[in-house]
Amino acid sequence: MFIKDKIAREMNKITTPKIIFFDIDDTLSRNGIIAEHNKATLEQLAETDIKLVISTGRSKAILPDDILALLDADILDAIICMNGQYSFDHSGMISHYPLNAEQTDKISYLCQQSNLIHKFDSATHIVWSDENERLRDYNARTPNSIVDPEYYKSNTVYQCSVFFNDQEDKMQEVDFEKYDLKLVHWHHIGADILPIEASKARGIKDMCAYYGVDVRECMAFGDGMNDLEMFDLVGFAVAMGDAKPALIERADFVTGTIEEFGIQAVLGQFCIA
């Protein structure tokens, strides 16, 4: 998948990064569980001066337990979640960008017009507009996952997620830009609806300001469409081997998959993995 001399040549473009940003799903973790070799690499990196920050589209309410355990153990320094809409560390919230009433009303209307079950994410819950058999089972297993179509009217929420009936049903007819919104796909049957200015990149800017680091001194690993802005911002962007083609085009380097020890192949050039 990758050639050692090419890795070495590309690594000459950046010095040891001051912050490394990691996506979770299909970058650090597969099927919601962090790969043991990636966990070991993070533990090793934590012994250096490099800051380690998660940058994910996941809601704060459903961050994986193994990722939160790494934050609690001081392996990770901070987490950017909900596509840059909410960032925090041990001390608490670093930045957040709640949806306003006009945005939530419009998003809810667009989802209802498309007859799509959707959810709004707060800092404590994921909240569904309705449920089906599959969601009833999920909600029974997930205490902070609830059904309340009116929740967003009286609670602070940060993003909406929609779930499509099939691969062809993707709200393609909706002009999101007309409402200063955007649809960002994270799966062929799911996407997030966000303010047009929202992105992981905004969360990264906040995090770099918090730590006093230039974004050009940072590295990022990712695989999905919600990593595009992040890749355009940082000094060195690495796409996983099974990343989306559009992201691969924007990457400074393409490494292997999780199973091919892709993260280690890159960080090994700094003798830190």
# chains A, B, ... in the order shown; residues from 1 in each chain; ligands from 1
>>> residues_around(residues="segment 233-240 of chain A", least_positions_apart="4", cutoff="7 Å", atoms="only C-alpha atoms", output="short mmCIF file (atom, residue, chain, number, x, y, z; two decimals) with C-alpha atoms, in the first residue's frame")
data_model
loop_
_atom_site.label_atom_id
_atom_site.label_comp_id
_atom_site.auth_asym_id
_atom_site.auth_seq_id
_atom_site.Cartn_x
_atom_site.Cartn_y
_atom_site.Cartn_z
CA ILE A 14 7.18 18.65 8.06
CA THR A 27 -8.82 5.85 11.49
CA ALA A 201 -11.14 22.83 10.90
CA VAL A 215 -1.94 25.15 12.56
CA ARG A 216 0.92 24.61 10.10
CA GLU A 217 2.79 22.77 12.86
CA CYS A 218 0.03 20.18 13.13
CA MET A 219 -0.68 16.80 11.55
CA ALA A 220 -4.03 15.11 10.99
CA PHE A 221 -5.16 11.56 10.20
CA GLY A 222 -8.59 10.88 8.69
CA ASP A 223 -10.65 8.92 6.22
CA GLU A 229 -11.54 21.08 5.78
CA LEU A 247 -10.13 13.00 0.75
CA ILE A 248 -7.23 11.08 -0.76
CA ALA A 251 -4.07 14.50 1.41
CA ASP A 252 -0.35 15.21 1.59
CA PHE A 253 0.19 11.48 1.97
CA VAL A 254 -1.83 8.26 1.75
CA THR A 255 -0.84 5.52 4.17
CA GLY A 256 -2.20 2.05 4.86
CA THR A 257 -5.41 1.02 6.56
CA GLY A 262 -1.02 2.90 8.51
#
>>> residues_around(residues="segment 30-41 of chain A", least_positions_apart="6", cutoff="9 Å", atoms="only C-alpha atoms", output="ChimeraX atom specification")
/A:24,64-67,70,258-259,261,263-264,267,272-273
>>> closest_residue(among="A:Arg136, A:Lys244, A:Lys18, A:Lys119", to="Ser59 of chain A", atoms="only C-alpha atoms")
A:Lys119
>>> atom_distance(atom1="atom CA of Ile107 of chain A", atom2="atom CA of Met207 of chain A")
27.7 Å
>>> select_by_dssp(residues="segment 81-168 of chain A", states="helix (DSSP H, G or I)", output="VMD selection string")
chain A and resid 82 to 84 101 to 113 133 to 141 151 to 153
>>> write_last_selection(atoms="N, CA, C and O atoms", output="mmCIF file, in the first residue's frame")
data_model
loop_
_atom_site.group_PDB
_atom_site.id
_atom_site.type_symbol
_atom_site.label_atom_id
_atom_site.label_comp_id
_atom_site.auth_asym_id
_atom_site.auth_seq_id
_atom_site.Cartn_x
_atom_site.Cartn_y
_atom_site.Cartn_z
ATOM 1 N N MET A 82 -18.498 16.483 17.322
ATOM 2 C CA MET A 82 -19.609 17.067 16.588
ATOM 3 C C MET A 82 -19.112 17.991 15.471
ATOM 4 O O MET A 82 -19.594 19.108 15.283
ATOM 5 N N ASN A 83 -18.093 17.505 14.738
ATOM 6 C CA ASN A 83 -17.568 18.241 13.578
ATOM 7 C C ASN A 83 -17.134 19.664 13.927
ATOM 8 O O ASN A 83 -17.412 20.617 13.194
ATOM 9 N N GLY A 84 -16.430 19.793 15.055
ATOM 10 C CA GLY A 84 -15.897 21.086 15.451
ATOM 11 C C GLY A 84 -16.865 21.959 16.210
ATOM 12 O O GLY A 84 -16.517 23.072 16.625
ATOM 13 N N ALA A 101 -32.164 29.061 17.038
ATOM 14 C CA ALA A 101 -33.541 28.622 16.835
ATOM 15 C C ALA A 101 -33.930 28.600 15.366
ATOM 16 O O ALA A 101 -34.646 27.694 14.904
ATOM 17 N N GLU A 102 -33.468 29.582 14.623
ATOM 18 C CA GLU A 102 -33.784 29.614 13.190
ATOM 19 C C GLU A 102 -33.202 28.398 12.479
ATOM 20 O O GLU A 102 -33.848 27.784 11.625
ATOM 21 N N GLN A 103 -31.971 28.037 12.835
ATOM 22 C CA GLN A 103 -31.321 26.877 12.217
ATOM 23 C C GLN A 103 -32.021 25.575 12.581
ATOM 24 O O GLN A 103 -32.273 24.740 11.711
ATOM 25 N N THR A 104 -32.326 25.389 13.861
ATOM 26 C CA THR A 104 -32.960 24.129 14.264
ATOM 27 C C THR A 104 -34.358 23.999 13.673
ATOM 28 O O THR A 104 -34.752 22.906 13.252
ATOM 29 N N ASP A 105 -35.100 25.100 13.616
ATOM 30 C CA ASP A 105 -36.447 25.047 13.017
ATOM 31 C C ASP A 105 -36.358 24.678 11.542
ATOM 32 O O ASP A 105 -37.149 23.859 11.044
ATOM 33 N N LYS A 106 -35.408 25.270 10.837
ATOM 34 C CA LYS A 106 -35.275 24.981 9.403
ATOM 35 C C LYS A 106 -34.813 23.545 9.179
ATOM 36 O O LYS A 106 -35.326 22.855 8.285
ATOM 37 N N ILE A 107 -33.850 23.079 9.964
ATOM 38 C CA ILE A 107 -33.369 21.708 9.825
ATOM 39 C C ILE A 107 -34.491 20.713 10.081
ATOM 40 O O ILE A 107 -34.684 19.757 9.320
ATOM 41 N N SER A 108 -35.240 20.926 11.142
ATOM 42 C CA SER A 108 -36.359 20.039 11.459
ATOM 43 C C SER A 108 -37.374 20.028 10.321
ATOM 44 O O SER A 108 -37.871 18.967 9.926
ATOM 45 N N TYR A 109 -37.665 21.187 9.782
ATOM 46 C CA TYR A 109 -38.617 21.287 8.666
ATOM 47 C C TYR A 109 -38.124 20.511 7.445
ATOM 48 O O TYR A 109 -38.889 19.747 6.829
ATOM 49 N N LEU A 110 -36.855 20.672 7.090
ATOM 50 C CA LEU A 110 -36.297 19.983 5.919
ATOM 51 C C LEU A 110 -36.332 18.470 6.094
ATOM 52 O O LEU A 110 -36.624 17.732 5.150
ATOM 53 N N CYS A 111 -36.033 18.003 7.295
ATOM 54 C CA CYS A 111 -36.065 16.560 7.559
ATOM 55 C C CYS A 111 -37.490 16.020 7.493
ATOM 56 O O CYS A 111 -37.739 14.946 6.934
ATOM 57 N N GLN A 112 -38.434 16.768 8.029
ATOM 58 C CA GLN A 112 -39.827 16.343 7.987
ATOM 59 C C GLN A 112 -40.340 16.306 6.554
ATOM 60 O O GLN A 112 -41.084 15.393 6.173
ATOM 61 N N GLN A 113 -39.926 17.289 5.756
ATOM 62 C CA GLN A 113 -40.339 17.320 4.348
ATOM 63 C C GLN A 113 -39.828 16.109 3.584
ATOM 64 O O GLN A 113 -40.462 15.647 2.631
ATOM 65 N N GLU A 133 -38.071 0.030 14.809
ATOM 66 C CA GLU A 133 -37.690 -1.152 15.595
ATOM 67 C C GLU A 133 -36.200 -1.161 15.911
ATOM 68 O O GLU A 133 -35.791 -1.472 17.028
ATOM 69 N N ARG A 134 -35.403 -0.800 14.933
ATOM 70 C CA ARG A 134 -33.959 -0.795 15.154
ATOM 71 C C ARG A 134 -33.566 0.245 16.213
ATOM 72 O O ARG A 134 -32.737 -0.014 17.087
ATOM 73 N N LEU A 135 -34.184 1.428 16.160
ATOM 74 C CA LEU A 135 -33.864 2.471 17.125
ATOM 75 C C LEU A 135 -34.368 2.140 18.522
ATOM 76 O O LEU A 135 -33.734 2.509 19.517
ATOM 77 N N ARG A 136 -35.496 1.455 18.606
ATOM 78 C CA ARG A 136 -35.987 1.050 19.928
ATOM 79 C C ARG A 136 -34.977 0.150 20.622
ATOM 80 O O ARG A 136 -34.738 0.274 21.823
ATOM 81 N N ASP A 137 -34.378 -0.748 19.867
ATOM 82 C CA ASP A 137 -33.355 -1.628 20.430
ATOM 83 C C ASP A 137 -32.126 -0.822 20.834
ATOM 84 O O ASP A 137 -31.555 -1.026 21.916
ATOM 85 N N TYR A 138 -31.711 0.121 19.978
ATOM 86 C CA TYR A 138 -30.543 0.953 20.271
ATOM 87 C C TYR A 138 -30.782 1.811 21.508
ATOM 88 O O TYR A 138 -29.929 1.905 22.399
ATOM 89 N N ASN A 139 -31.955 2.432 21.581
ATOM 90 C CA ASN A 139 -32.262 3.296 22.719
ATOM 91 C C ASN A 139 -32.330 2.518 24.031
ATOM 92 O O ASN A 139 -31.980 3.042 25.091
ATOM 93 N N ALA A 140 -32.773 1.276 23.952
ATOM 94 C CA ALA A 140 -32.835 0.444 25.153
ATOM 95 C C ALA A 140 -31.441 0.155 25.697
ATOM 96 O O ALA A 140 -31.263 -0.056 26.896
ATOM 97 N N ARG A 141 -30.446 0.156 24.814
ATOM 98 C CA ARG A 141 -29.067 -0.132 25.217
ATOM 99 C C ARG A 141 -28.253 1.123 25.488
ATOM 100 O O ARG A 141 -27.123 1.036 25.981
ATOM 101 N N TYR A 151 -37.296 18.360 21.690
ATOM 102 C CA TYR A 151 -36.137 18.608 22.548
ATOM 103 C C TYR A 151 -35.357 19.853 22.137
ATOM 104 O O TYR A 151 -34.958 20.669 22.974
ATOM 105 N N TYR A 152 -35.127 19.999 20.839
ATOM 106 C CA TYR A 152 -34.285 21.081 20.344
ATOM 107 C C TYR A 152 -34.874 22.462 20.625
ATOM 108 O O TYR A 152 -34.154 23.471 20.610
ATOM 109 N N LYS A 153 -36.163 22.536 20.923
ATOM 110 C CA LYS A 153 -36.807 23.821 21.156
ATOM 111 C C LYS A 153 -36.466 24.422 22.511
ATOM 112 O O LYS A 153 -36.582 25.642 22.693
#
>>> select_by_dssp(residues="segment 6-186 of chain A", states="strand (DSSP E)", output="PyMOL selection string")
chain A and resi 19-22+29-30+33-34+51-55+78-81+86-89+92-96+118-121+126-128+145-147+159-163+181-186
>>> closest_residue(among="A:Pro17, A:Gly241, A:Pro149, A:Gly203", to="Asp130 of chain A", atoms="only C-alpha atoms")
A:Pro149
>>> residues_around(residues="segment 50-57 of chain A", least_positions_apart="6", cutoff="6 Å", atoms="only C-alpha atoms", output="MDAnalysis selection string")
chainID A and resid 18:23 76:83
>>> closest_residue(among="A:Leu116, A:Glu131, A:Lys200, A:Leu194", to="Phe163 of chain A", atoms="only C-alpha atoms")
A:Leu116
>>> atom_distance(atom1="atom CA of Ala198 of chain A", atom2="atom CA of Asn165 of chain A")
25.6 Å
>>> residues_around(residues="Glu177 of chain A", least_positions_apart="5", cutoff="12 Å", atoms="only C-alpha atoms", output="PyMOL selection string")
chain A and resi 182-183+193-197
>>> write_last_selection(atoms="all heavy atoms", output="JSON list (two decimals), in the first residue's frame")
[["chain", "number", "residue", "atom", "x", "y", "z"],
["A", 182, "LYS", "N", -25.24, 22.99, 5.46],
["A", 182, "LYS", "CA", -24.61, 22.03, 4.55],
["A", 182, "LYS", "C", -24.89, 20.62, 5.02],
["A", 182, "LYS", "O", -25.13, 20.37, 6.21],
["A", 182, "LYS", "CB", -23.10, 22.27, 4.45],
["A", 182, "LYS", "CG", -22.34, 22.10, 5.76],
["A", 182, "LYS", "CD", -20.85, 22.39, 5.55],
["A", 182, "LYS", "CE", -20.07, 22.32, 6.85],
["A", 182, "LYS", "NZ", -18.63, 22.64, 6.65],
["A", 183, "LEU", "N", -24.86, 19.68, 4.08],
["A", 183, "LEU", "CA", -25.04, 18.25, 4.35],
["A", 183, "LEU", "C", -23.69, 17.58, 4.16],
["A", 183, "LEU", "O", -23.11, 17.64, 3.07],
["A", 183, "LEU", "CB", -26.08, 17.67, 3.39],
["A", 183, "LEU", "CG", -26.47, 16.20, 3.61],
["A", 183, "LEU", "CD1", -27.37, 16.07, 4.82],
["A", 183, "LEU", "CD2", -27.18, 15.65, 2.37],
["A", 193, "ILE", "N", -26.20, 17.46, 9.25],
["A", 193, "ILE", "CA", -26.60, 18.78, 8.78],
["A", 193, "ILE", "C", -26.02, 19.79, 9.76],
["A", 193, "ILE", "O", -26.26, 19.72, 10.97],
["A", 193, "ILE", "CB", -28.13, 18.92, 8.71],
["A", 193, "ILE", "CG1", -28.71, 17.87, 7.76],
["A", 193, "ILE", "CG2", -28.50, 20.33, 8.23],
["A", 193, "ILE", "CD1", -30.24, 17.87, 7.71],
["A", 194, "LEU", "N", -25.27, 20.75, 9.21],
["A", 194, "LEU", "CA", -24.51, 21.69, 10.02],
["A", 194, "LEU", "C", -24.60, 23.10, 9.44],
["A", 194, "LEU", "O", -24.89, 23.26, 8.25],
["A", 194, "LEU", "CB", -23.03, 21.28, 10.05],
["A", 194, "LEU", "CG", -22.67, 19.96, 10.71],
["A", 194, "LEU", "CD1", -21.35, 19.45, 10.16],
["A", 194, "LEU", "CD2", -22.58, 20.14, 12.22],
["A", 195, "PRO", "N", -24.31, 24.11, 10.25],
["A", 195, "PRO", "CA", -24.13, 25.46, 9.68],
["A", 195, "PRO", "C", -23.01, 25.43, 8.65],
["A", 195, "PRO", "O", -22.05, 24.66, 8.78],
["A", 195, "PRO", "CB", -23.74, 26.30, 10.90],
["A", 195, "PRO", "CG", -24.28, 25.56, 12.07],
["A", 195, "PRO", "CD", -24.16, 24.10, 11.71],
["A", 196, "ILE", "N", -23.11, 26.25, 7.65],
["A", 196, "ILE", "CA", -22.16, 26.18, 6.54],
["A", 196, "ILE", "C", -20.73, 26.45, 7.00],
["A", 196, "ILE", "O", -19.77, 25.97, 6.40],
["A", 196, "ILE", "CB", -22.59, 27.15, 5.42],
["A", 196, "ILE", "CG1", -21.95, 26.73, 4.09],
["A", 196, "ILE", "CG2", -22.31, 28.60, 5.79],
["A", 196, "ILE", "CD1", -22.62, 27.33, 2.87],
["A", 197, "GLU", "N", -20.56, 27.21, 8.08],
["A", 197, "GLU", "CA", -19.22, 27.54, 8.56],
["A", 197, "GLU", "C", -18.66, 26.49, 9.52],
["A", 197, "GLU", "O", -17.50, 26.57, 9.94],
["A", 197, "GLU", "CB", -19.21, 28.91, 9.23],
["A", 197, "GLU", "CG", -19.97, 28.99, 10.55],
["A", 197, "GLU", "CD", -21.45, 29.27, 10.38],
["A", 197, "GLU", "OE1", -21.96, 29.15, 9.24],
["A", 197, "GLU", "OE2", -22.11, 29.60, 11.39]]
>>> closest_residue(among="A:Asp89, A:Glu47, A:Glu260, A:Asp121", to="Val147 of chain A", atoms="only C-alpha atoms")
A:Asp121
>>> atom_distance(atom1="atom CA of Asn115 of chain A", atom2="atom CA of Trp186 of chain A")
19.8 Å
>>> closest_residue(among="A:Ser91, A:Thr124, A:Ser129, A:Asn226", to="Lys60 of chain A", atoms="only C-alpha atoms")
A:Thr124
>>> residues_around(residues="Ala61 of chain A", least_positions_apart="4", cutoff="9 Å", atoms="only C-alpha atoms", output="list in words")
Asp121, Ser122, Ala123, Thr124, His125, Ile126, Asn144 and Ser145 of chain A
>>> closest_residue(among="A:Phe88, A:Lys205, A:Ser114, A:Phe231", to="Leu68 of chain A", atoms="only C-alpha atoms")
A:Phe88
>>> decode(residues="segment 239-250 of chain A", atoms="all heavy atoms", output="PDB file, in the first residue's frame")
ATOM      1  N   ALA A 239      -4.182  10.602   4.774  1.00  0.00           N
ATOM      2  CA  ALA A 239      -5.395   9.827   4.530  1.00  0.00           C
ATOM      3  C   ALA A 239      -5.112   8.350   4.753  1.00  0.00           C
ATOM      4  O   ALA A 239      -4.072   7.828   4.322  1.00  0.00           O
ATOM      5  CB  ALA A 239      -5.895  10.050   3.105  1.00  0.00           C
ATOM      6  N   MET A 240      -6.031   7.680   5.425  1.00  0.00           N
ATOM      7  CA  MET A 240      -5.916   6.240   5.588  1.00  0.00           C
ATOM      8  C   MET A 240      -6.093   5.539   4.235  1.00  0.00           C
ATOM      9  O   MET A 240      -6.690   6.095   3.309  1.00  0.00           O
ATOM     10  CB  MET A 240      -6.948   5.738   6.592  1.00  0.00           C
ATOM     11  CG  MET A 240      -6.870   6.402   7.964  1.00  0.00           C
ATOM     12  SD  MET A 240      -5.261   6.227   8.772  1.00  0.00           S
ATOM     13  CE  MET A 240      -5.301   4.467   9.196  1.00  0.00           C
ATOM     14  N   GLY A 241      -5.615   4.326   4.134  1.00  0.00           N
ATOM     15  CA  GLY A 241      -5.639   3.623   2.860  1.00  0.00           C
ATOM     16  C   GLY A 241      -7.016   3.378   2.299  1.00  0.00           C
ATOM     17  O   GLY A 241      -7.190   3.261   1.083  1.00  0.00           O
ATOM     18  N   ASP A 242      -8.029   3.314   3.168  1.00  0.00           N
ATOM     19  CA  ASP A 242      -9.400   3.100   2.710  1.00  0.00           C
ATOM     20  C   ASP A 242     -10.237   4.372   2.826  1.00  0.00           C
ATOM     21  O   ASP A 242     -11.457   4.321   2.955  1.00  0.00           O
ATOM     22  CB  ASP A 242     -10.065   1.959   3.481  1.00  0.00           C
ATOM     23  CG  ASP A 242      -9.878   2.051   4.987  1.00  0.00           C
ATOM     24  OD1 ASP A 242      -9.259   3.028   5.460  1.00  0.00           O
ATOM     25  OD2 ASP A 242     -10.347   1.140   5.703  1.00  0.00           O
ATOM     26  N   ALA A 243      -9.571   5.525   2.767  1.00  0.00           N
ATOM     27  CA  ALA A 243     -10.267   6.809   2.838  1.00  0.00           C
ATOM     28  C   ALA A 243     -11.092   7.054   1.578  1.00  0.00           C
ATOM     29  O   ALA A 243     -10.880   6.430   0.529  1.00  0.00           O
ATOM     30  CB  ALA A 243      -9.260   7.938   3.023  1.00  0.00           C
ATOM     31  N   LYS A 244     -12.033   7.996   1.686  1.00  0.00           N
ATOM     32  CA  LYS A 244     -12.836   8.386   0.537  1.00  0.00           C
ATOM     33  C   LYS A 244     -11.936   8.993  -0.540  1.00  0.00           C
ATOM     34  O   LYS A 244     -10.985   9.726  -0.226  1.00  0.00           O
ATOM     35  CB  LYS A 244     -13.894   9.413   0.947  1.00  0.00           C
ATOM     36  CG  LYS A 244     -14.903   8.893   1.961  1.00  0.00           C
ATOM     37  CD  LYS A 244     -15.728   7.748   1.399  1.00  0.00           C
ATOM     38  CE  LYS A 244     -16.791   7.294   2.392  1.00  0.00           C
ATOM     39  NZ  LYS A 244     -17.540   6.109   1.919  1.00  0.00           N
ATOM     40  N   PRO A 245     -12.199   8.695  -1.825  1.00  0.00           N
ATOM     41  CA  PRO A 245     -11.350   9.209  -2.912  1.00  0.00           C
ATOM     42  C   PRO A 245     -11.155  10.723  -2.870  1.00  0.00           C
ATOM     43  O   PRO A 245     -10.053  11.211  -3.117  1.00  0.00           O
ATOM     44  CB  PRO A 245     -12.096   8.776  -4.169  1.00  0.00           C
ATOM     45  CG  PRO A 245     -12.829   7.533  -3.760  1.00  0.00           C
ATOM     46  CD  PRO A 245     -13.243   7.776  -2.343  1.00  0.00           C
ATOM     47  N   ALA A 246     -12.203  11.472  -2.548  1.00  0.00           N
ATOM     48  CA  ALA A 246     -12.087  12.931  -2.512  1.00  0.00           C
ATOM     49  C   ALA A 246     -11.121  13.386  -1.436  1.00  0.00           C
ATOM     50  O   ALA A 246     -10.420  14.396  -1.596  1.00  0.00           O
ATOM     51  CB  ALA A 246     -13.462  13.573  -2.297  1.00  0.00           C
ATOM     52  N   LEU A 247     -11.060  12.651  -0.323  1.00  0.00           N
ATOM     53  CA  LEU A 247     -10.127  12.999   0.745  1.00  0.00           C
ATOM     54  C   LEU A 247      -8.704  12.637   0.352  1.00  0.00           C
ATOM     55  O   LEU A 247      -7.761  13.375   0.638  1.00  0.00           O
ATOM     56  CB  LEU A 247     -10.515  12.290   2.042  1.00  0.00           C
ATOM     57  CG  LEU A 247      -9.735  12.752   3.275  1.00  0.00           C
ATOM     58  CD1 LEU A 247     -10.154  14.166   3.678  1.00  0.00           C
ATOM     59  CD2 LEU A 247      -9.919  11.800   4.445  1.00  0.00           C
ATOM     60  N   ILE A 248      -8.553  11.500  -0.294  1.00  0.00           N
ATOM     61  CA  ILE A 248      -7.227  11.078  -0.756  1.00  0.00           C
ATOM     62  C   ILE A 248      -6.620  12.137  -1.675  1.00  0.00           C
ATOM     63  O   ILE A 248      -5.420  12.433  -1.602  1.00  0.00           O
ATOM     64  CB  ILE A 248      -7.327   9.707  -1.459  1.00  0.00           C
ATOM     65  CG1 ILE A 248      -7.527   8.605  -0.405  1.00  0.00           C
ATOM     66  CG2 ILE A 248      -6.083   9.436  -2.301  1.00  0.00           C
ATOM     67  CD1 ILE A 248      -7.763   7.233  -0.987  1.00  0.00           C
ATOM     68  N   GLU A 249      -7.439  12.752  -2.511  1.00  0.00           N
ATOM     69  CA  GLU A 249      -6.958  13.794  -3.418  1.00  0.00           C
ATOM     70  C   GLU A 249      -6.448  15.009  -2.662  1.00  0.00           C
ATOM     71  O   GLU A 249      -5.566  15.723  -3.150  1.00  0.00           O
ATOM     72  CB  GLU A 249      -8.073  14.210  -4.374  1.00  0.00           C
ATOM     73  CG  GLU A 249      -8.439  13.149  -5.402  1.00  0.00           C
ATOM     74  CD  GLU A 249      -9.545  13.605  -6.333  1.00  0.00           C
ATOM     75  OE1 GLU A 249      -9.939  14.800  -6.234  1.00  0.00           O
ATOM     76  OE2 GLU A 249     -10.018  12.793  -7.151  1.00  0.00           O
ATOM     77  N   ARG A 250      -6.976  15.267  -1.477  1.00  0.00           N
ATOM     78  CA  ARG A 250      -6.589  16.449  -0.696  1.00  0.00           C
ATOM     79  C   ARG A 250      -5.443  16.155   0.276  1.00  0.00           C
ATOM     80  O   ARG A 250      -4.917  17.077   0.900  1.00  0.00           O
ATOM     81  CB  ARG A 250      -7.808  16.945   0.109  1.00  0.00           C
ATOM     82  CG  ARG A 250      -9.013  17.287  -0.740  1.00  0.00           C
ATOM     83  CD  ARG A 250      -8.999  18.685  -1.261  1.00  0.00           C
ATOM     84  NE  ARG A 250      -9.683  19.587  -0.345  1.00  0.00           N
ATOM     85  CZ  ARG A 250     -11.008  19.790  -0.354  1.00  0.00           C
ATOM     86  NH1 ARG A 250     -11.779  19.157  -1.233  1.00  0.00           N
ATOM     87  NH2 ARG A 250     -11.538  20.646   0.482  1.00  0.00           N
TER      88      ARG A 250
END
